[in-house]
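Presented below is the structure to which this report refers.
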Amino acid sequence: MSAGKPSNFAKIHPVLYLSRRTRRGEIFPMKLVILDRDGVINHDSDQYVKSPEEWKPIAGSLAAIARLNQAGYRVVVATNQSGIGRGLFETDTLIAIHEKMFKALAQVGGRIDAVFFCPHTNADNCECRKPKSGMLREIAARFNADLAGVPAIGDSMRDLQAAAAAGAQPMLVLTGKGRKTVDDPALPADTLVFPDLAAAAAHIAH
Ligand SMILES: [Mg+2]
Ligand SMILES: [Zn+2]
């Protein structure tokens, strides 16, 4: 493993902490959307996305994130990146990939507030690798957010299972592995299904 010992969580984009309490002490509902990355924002690859060159956005996905932002939603990514744990690429490369993603997003007026990633493999038996809900619970803690009703959008069963386990609203997109996932009998019962991120964003930000 050439990537060294990865820490349990890494946040690679500055997060703005906002007070969500009014003077009377009410808590604003957090307008938050959690996204999987590969197969949702960008095209997935069985060989892993392991360089900025290999990161290619799915048509309409960046504009969809901008649309969510314009509707007042903060967008956070939770992504399994076991390619790091397998030694296929370094954390620095993942950061470079995300810099490309942030730049492409900025060009359409979109913003991702934070990327949470799990660098581990199955063998590490960590709490963050989806289908476990560790990353989503960490997002809830960092953003002081209740995940009830928060859309968690993914293309794989493990994304939806993590969403359901964290009490978020599972949403499946049919990009990436989504067309396979939709036929899985283990799909959480309350999963909403959309053709792609653009359609999901249109539903959320209508
Ligand atoms: Mg995916
Ligand atoms: Zn992990």
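Naming scheme: A, B, ... for chains in displayed order of the structure tokens; residues 1 onward per chain; ligands 1 onward as shown.
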message = Can you pull out the residues contacting Leu62 in chain A? Cut-off 8 Å, using only C-alpha atoms, and skip same-chain residues under 4 positions away; I want them as number ranges by chain.
response = A: 41, 57-58, 66, 104-105, 108, 110
Sorted by chain and rising residue number, which residues of range 20-92 of chain A lie within 9 Å of range 120-136 of chain A, and what are their closest atom pairs and distances in Å to one decimal, counting only C-alpha atoms, as a Markdown table?
```
| residue | atom | partner | partner_atom | distance |
| --- | --- | --- | --- | --- |
| A:Ile34 | CA | A:Leu136 | CA | 8.1 |
| A:Ala78 | CA | A:Met135 | CA | 6.4 |
| A:Thr79 | CA | A:Lys130 | CA | 8.1 |
| A:Asn80 | CA | A:Arg129 | CA | 5.9 |
| A:Gln81 | CA | A:His120 | CA | 7.1 |
| A:Ser82 | CA | A:His120 | CA | 5.0 |
| A:Gly83 | CA | A:Thr121 | CA | 8.0 |
| A:Ile84 | CA | A:His120 | CA | 7.1 |
| A:Gly85 | CA | A:His120 | CA | 4.9 |
| A:Arg86 | CA | A:Thr121 | CA | 7.0 |
```
Nearest residue to ligand 1 from the set A:Gly39, A:Gly167, A:Gly60, A:Pro195 (distances using only C-alpha atoms and all ligand atoms) = A:Gly39
request  = Write out as a PyMOL selection string the residues lying within 7 Å of range 89-94 of chain A, counting only C-alpha atoms and excluding same-chain residues fewer than 2 positions away.
outcome  = chain A and resi 3+50-51+83-84+87+96-98
Now that the selection is made, can you save its residues with N, CA and C atoms as a PDB file, in the first residue's frame?
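result15.pdb, written as the output of this step:
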```pdb
ATOM      1  N   ALA A   3       0.009   4.403  -0.331  1.00  0.00           N
ATOM      2  CA  ALA A   3      -0.599   5.674   0.061  1.00  0.00           C
ATOM      3  C   ALA A   3      -0.388   5.984   1.541  1.00  0.00           C
ATOM      4  N   LYS A  50      -8.559   7.358 -11.468  1.00  0.00           N
ATOM      5  CA  LYS A  50      -7.322   7.493 -10.697  1.00  0.00           C
ATOM      6  C   LYS A  50      -6.408   8.584 -11.208  1.00  0.00           C
ATOM      7  N   SER A  51      -6.947   9.482 -12.016  1.00  0.00           N
ATOM      8  CA  SER A  51      -6.202  10.665 -12.444  1.00  0.00           C
ATOM      9  C   SER A  51      -7.215  11.737 -12.824  1.00  0.00           C
ATOM     10  N   GLY A  83      -9.546   2.759  -4.080  1.00  0.00           N
ATOM     11  CA  GLY A  83      -8.337   2.778  -4.919  1.00  0.00           C
ATOM     12  C   GLY A  83      -7.132   3.293  -4.142  1.00  0.00           C
ATOM     13  N   ILE A  84      -7.380   4.153  -3.151  1.00  0.00           N
ATOM     14  CA  ILE A  84      -6.278   4.639  -2.301  1.00  0.00           C
ATOM     15  C   ILE A  84      -5.761   3.487  -1.444  1.00  0.00           C
ATOM     16  N   GLY A  87      -3.674   1.089  -3.139  1.00  0.00           N
ATOM     17  CA  GLY A  87      -2.401   1.584  -3.656  1.00  0.00           C
ATOM     18  C   GLY A  87      -2.451   1.991  -5.122  1.00  0.00           C
ATOM     19  N   ALA A  96      -6.264  16.332  -6.459  1.00  0.00           N
ATOM     20  CA  ALA A  96      -6.131  16.936  -7.801  1.00  0.00           C
ATOM     21  C   ALA A  96      -7.383  16.657  -8.636  1.00  0.00           C
ATOM     22  N   ILE A  97      -7.921  15.456  -8.514  1.00  0.00           N
ATOM     23  CA  ILE A  97      -9.158  15.113  -9.228  1.00  0.00           C
ATOM     24  C   ILE A  97     -10.280  16.040  -8.762  1.00  0.00           C
ATOM     25  N   HIS A  98     -10.336  16.272  -7.465  1.00  0.00           N
ATOM     26  CA  HIS A  98     -11.419  17.112  -6.932  1.00  0.00           C
ATOM     27  C   HIS A  98     -11.219  18.573  -7.280  1.00  0.00           C
TER      28      HIS A  98
END
```
task = Find the residues near ligand 1. Use a cut-off of 12 Å, count only C-alpha atoms and all ligand atoms, and write them as an MDAnalysis selection string.
result = chainID A and resid 35:46 48:49 77:81 130:131 152:160 172:181 197
Next, write the just-selected residues to a file, as a tab-separated table (two decimals), in the first residue's frame, keeping N, CA and C atoms as the atom set.
```tsv
chain	number	residue	atom	x	y	z
A	35	LEU	N	-24.22	13.64	-2.07
A	35	LEU	CA	-24.05	12.96	-3.34
A	35	LEU	C	-22.94	11.93	-3.27
A	36	ASP	N	-23.17	10.79	-3.88
A	36	ASP	CA	-22.08	9.90	-4.26
A	36	ASP	C	-21.35	10.58	-5.43
A	37	ARG	N	-20.13	10.19	-5.71
A	37	ARG	CA	-19.39	10.85	-6.80
A	37	ARG	C	-19.43	10.04	-8.10
A	38	ASP	N	-18.78	8.87	-8.09
A	38	ASP	CA	-18.63	8.09	-9.32
A	38	ASP	C	-19.97	7.49	-9.75
A	39	GLY	N	-20.35	7.73	-11.00
A	39	GLY	CA	-21.62	7.23	-11.49
A	39	GLY	C	-22.78	8.17	-11.22
A	40	VAL	N	-22.51	9.26	-10.49
A	40	VAL	CA	-23.54	10.26	-10.20
A	40	VAL	C	-23.13	11.61	-10.79
A	41	ILE	N	-21.94	12.08	-10.40
A	41	ILE	CA	-21.42	13.35	-10.92
A	41	ILE	C	-20.58	13.09	-12.17
A	42	ASN	N	-19.74	12.06	-12.08
A	42	ASN	CA	-18.85	11.74	-13.21
A	42	ASN	C	-19.02	10.28	-13.60
A	43	HIS	N	-18.57	9.97	-14.82
A	43	HIS	CA	-18.65	8.61	-15.32
A	43	HIS	C	-17.79	7.69	-14.45
A	44	ASP	N	-18.33	6.53	-14.14
A	44	ASP	CA	-17.63	5.55	-13.32
A	44	ASP	C	-16.70	4.73	-14.20
A	45	SER	N	-15.76	4.04	-13.58
A	45	SER	CA	-14.86	3.16	-14.32
A	45	SER	C	-14.53	1.95	-13.46
A	46	ASP	N	-14.61	0.76	-14.05
A	46	ASP	CA	-14.22	-0.45	-13.32
A	46	ASP	C	-12.73	-0.43	-13.00
A	48	TYR	N	-11.28	2.21	-11.92
A	48	TYR	CA	-11.15	3.33	-10.97
A	48	TYR	C	-10.82	4.64	-11.70
A	49	VAL	N	-11.35	5.72	-11.18
A	49	VAL	CA	-10.97	7.05	-11.66
A	49	VAL	C	-9.75	7.44	-10.85
A	77	VAL	N	-20.27	15.76	-0.84
A	77	VAL	CA	-20.02	14.46	-1.48
A	77	VAL	C	-19.53	13.47	-0.43
A	78	ALA	N	-20.04	12.24	-0.51
A	78	ALA	CA	-19.54	11.12	0.31
A	78	ALA	C	-19.19	10.00	-0.65
A	79	THR	N	-17.91	9.67	-0.73
A	79	THR	CA	-17.46	8.75	-1.78
A	79	THR	C	-16.51	7.69	-1.24
A	80	ASN	N	-16.76	6.43	-1.59
A	80	ASN	CA	-15.81	5.34	-1.33
A	80	ASN	C	-14.67	5.47	-2.33
A	81	GLN	N	-13.45	5.54	-1.84
A	81	GLN	CA	-12.29	5.60	-2.75
A	81	GLN	C	-11.25	4.56	-2.33
A	130	LYS	N	-19.15	2.92	2.67
A	130	LYS	CA	-20.55	2.59	2.40
A	130	LYS	C	-20.62	1.12	1.98
A	131	PRO	N	-21.58	0.30	2.40
A	131	PRO	CA	-22.91	0.67	2.90
A	131	PRO	C	-23.00	1.09	4.36
A	152	ALA	N	-29.99	11.74	-0.19
A	152	ALA	CA	-28.68	11.12	-0.36
A	152	ALA	C	-28.74	10.33	-1.67
A	153	ILE	N	-28.01	10.83	-2.66
A	153	ILE	CA	-28.18	10.36	-4.04
A	153	ILE	C	-27.00	9.49	-4.46
A	154	GLY	N	-27.31	8.30	-4.96
A	154	GLY	CA	-26.25	7.40	-5.40
A	154	GLY	C	-26.70	6.50	-6.53
A	155	ASP	N	-25.75	5.75	-7.08
A	155	ASP	CA	-26.06	4.83	-8.17
A	155	ASP	C	-25.90	3.38	-7.75
A	156	SER	N	-25.35	3.13	-6.55
A	156	SER	CA	-25.11	1.76	-6.10
A	156	SER	C	-25.95	1.44	-4.87
A	157	MET	N	-26.20	0.14	-4.70
A	157	MET	CA	-26.97	-0.30	-3.53
A	157	MET	C	-26.35	0.21	-2.24
A	158	ARG	N	-25.02	0.22	-2.16
A	158	ARG	CA	-24.36	0.61	-0.91
A	158	ARG	C	-24.63	2.07	-0.56
A	159	ASP	N	-24.83	2.91	-1.59
A	159	ASP	CA	-25.17	4.32	-1.31
A	159	ASP	C	-26.54	4.42	-0.66
A	160	LEU	N	-27.48	3.63	-1.18
A	160	LEU	CA	-28.85	3.69	-0.69
A	160	LEU	C	-28.96	3.06	0.69
A	172	LEU	N	-32.01	7.07	-5.96
A	172	LEU	CA	-31.21	6.31	-6.92
A	172	LEU	C	-31.24	7.03	-8.26
A	173	VAL	N	-30.07	7.19	-8.87
A	173	VAL	CA	-30.02	7.66	-10.26
A	173	VAL	C	-29.61	6.50	-11.16
A	174	LEU	N	-30.11	6.53	-12.38
A	174	LEU	CA	-29.91	5.40	-13.30
A	174	LEU	C	-28.67	5.56	-14.16
A	175	THR	N	-27.82	6.51	-13.81
A	175	THR	CA	-26.50	6.62	-14.43
A	175	THR	C	-25.55	5.67	-13.69
A	176	GLY	N	-24.34	5.53	-14.17
A	176	GLY	CA	-23.36	4.66	-13.51
A	176	GLY	C	-23.89	3.24	-13.39
A	177	LYS	N	-23.89	2.70	-12.16
A	177	LYS	CA	-24.38	1.34	-11.93
A	177	LYS	C	-25.89	1.30	-11.69
A	178	GLY	N	-26.54	2.46	-11.84
A	178	GLY	CA	-27.94	2.59	-11.44
A	178	GLY	C	-28.90	1.65	-12.12
A	179	ARG	N	-28.68	1.36	-13.41
A	179	ARG	CA	-29.62	0.49	-14.13
A	179	ARG	C	-29.61	-0.94	-13.59
A	180	LYS	N	-28.47	-1.35	-13.04
A	180	LYS	CA	-28.37	-2.65	-12.37
A	180	LYS	C	-29.03	-2.57	-11.00
A	181	THR	N	-28.73	-1.50	-10.29
A	181	THR	CA	-29.18	-1.36	-8.91
A	181	THR	C	-30.70	-1.35	-8.81
A	197	LEU	N	-28.81	12.83	-12.27
A	197	LEU	CA	-28.72	13.86	-11.23
A	197	LEU	C	-29.52	15.10	-11.60
```
inquiry  = So that I can check the secondary structure, give me every residue of range 19-195 of chain A assigned alpha helix (DSSP H) by backbone DSSP, as JSON, numbers by chain.
reply    = {"A": [61, 62, 63, 64, 65, 66, 67, 68, 69, 70, 82, 83, 84, 85, 91, 92, 93, 94, 95, 96, 97, 98, 99, 100, 101, 102, 103, 104, 105, 106, 107, 134, 135, 136, 137, 138, 139, 140, 141, 142, 157, 158, 159, 160, 161, 162, 163, 164, 165, 178, 179, 180, 181]}
task = Determine the nearest neighbour of ligand 2 from the options A:Ala199, A:Ala205, A:Pro119, A:Ala141, counting only C-alpha atoms and all ligand atoms.
result = A:Pro119
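Of the listed residues (A:Ala64, A:Ala106, A:Cys118, A:Ile139), A:Cys118 comes nearest to ligand 2; the distances count only C-alpha atoms and all ligand atoms.
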ask   = What is the distance between CA of Trp55 in chain A and CA of Gln107 in chain A, in Å to one decimal?
value = 16.0 Å
remark   = Shortest contact to ligand 2, candidates A:Phe117, A:Lys31, A:Met171, A:Ile65, atoms counted only C-alpha atoms and all ligand atoms, goes to A:Phe117
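One finds CA of Ala168 in chain A at 12.7 Å from CA of Ala189 in chain A.
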inquiry  = So that I can check the secondary structure, give me every residue of range 4-204 of chain A assigned strand (DSSP E or B) by backbone DSSP, as an NGL selection string.
reply    = :A and (11 or 21 or 27 or 32-35 or 38 or 42 or 57 or 74-80 or 114-118 or 151-154 or 169-173 or 192-194)
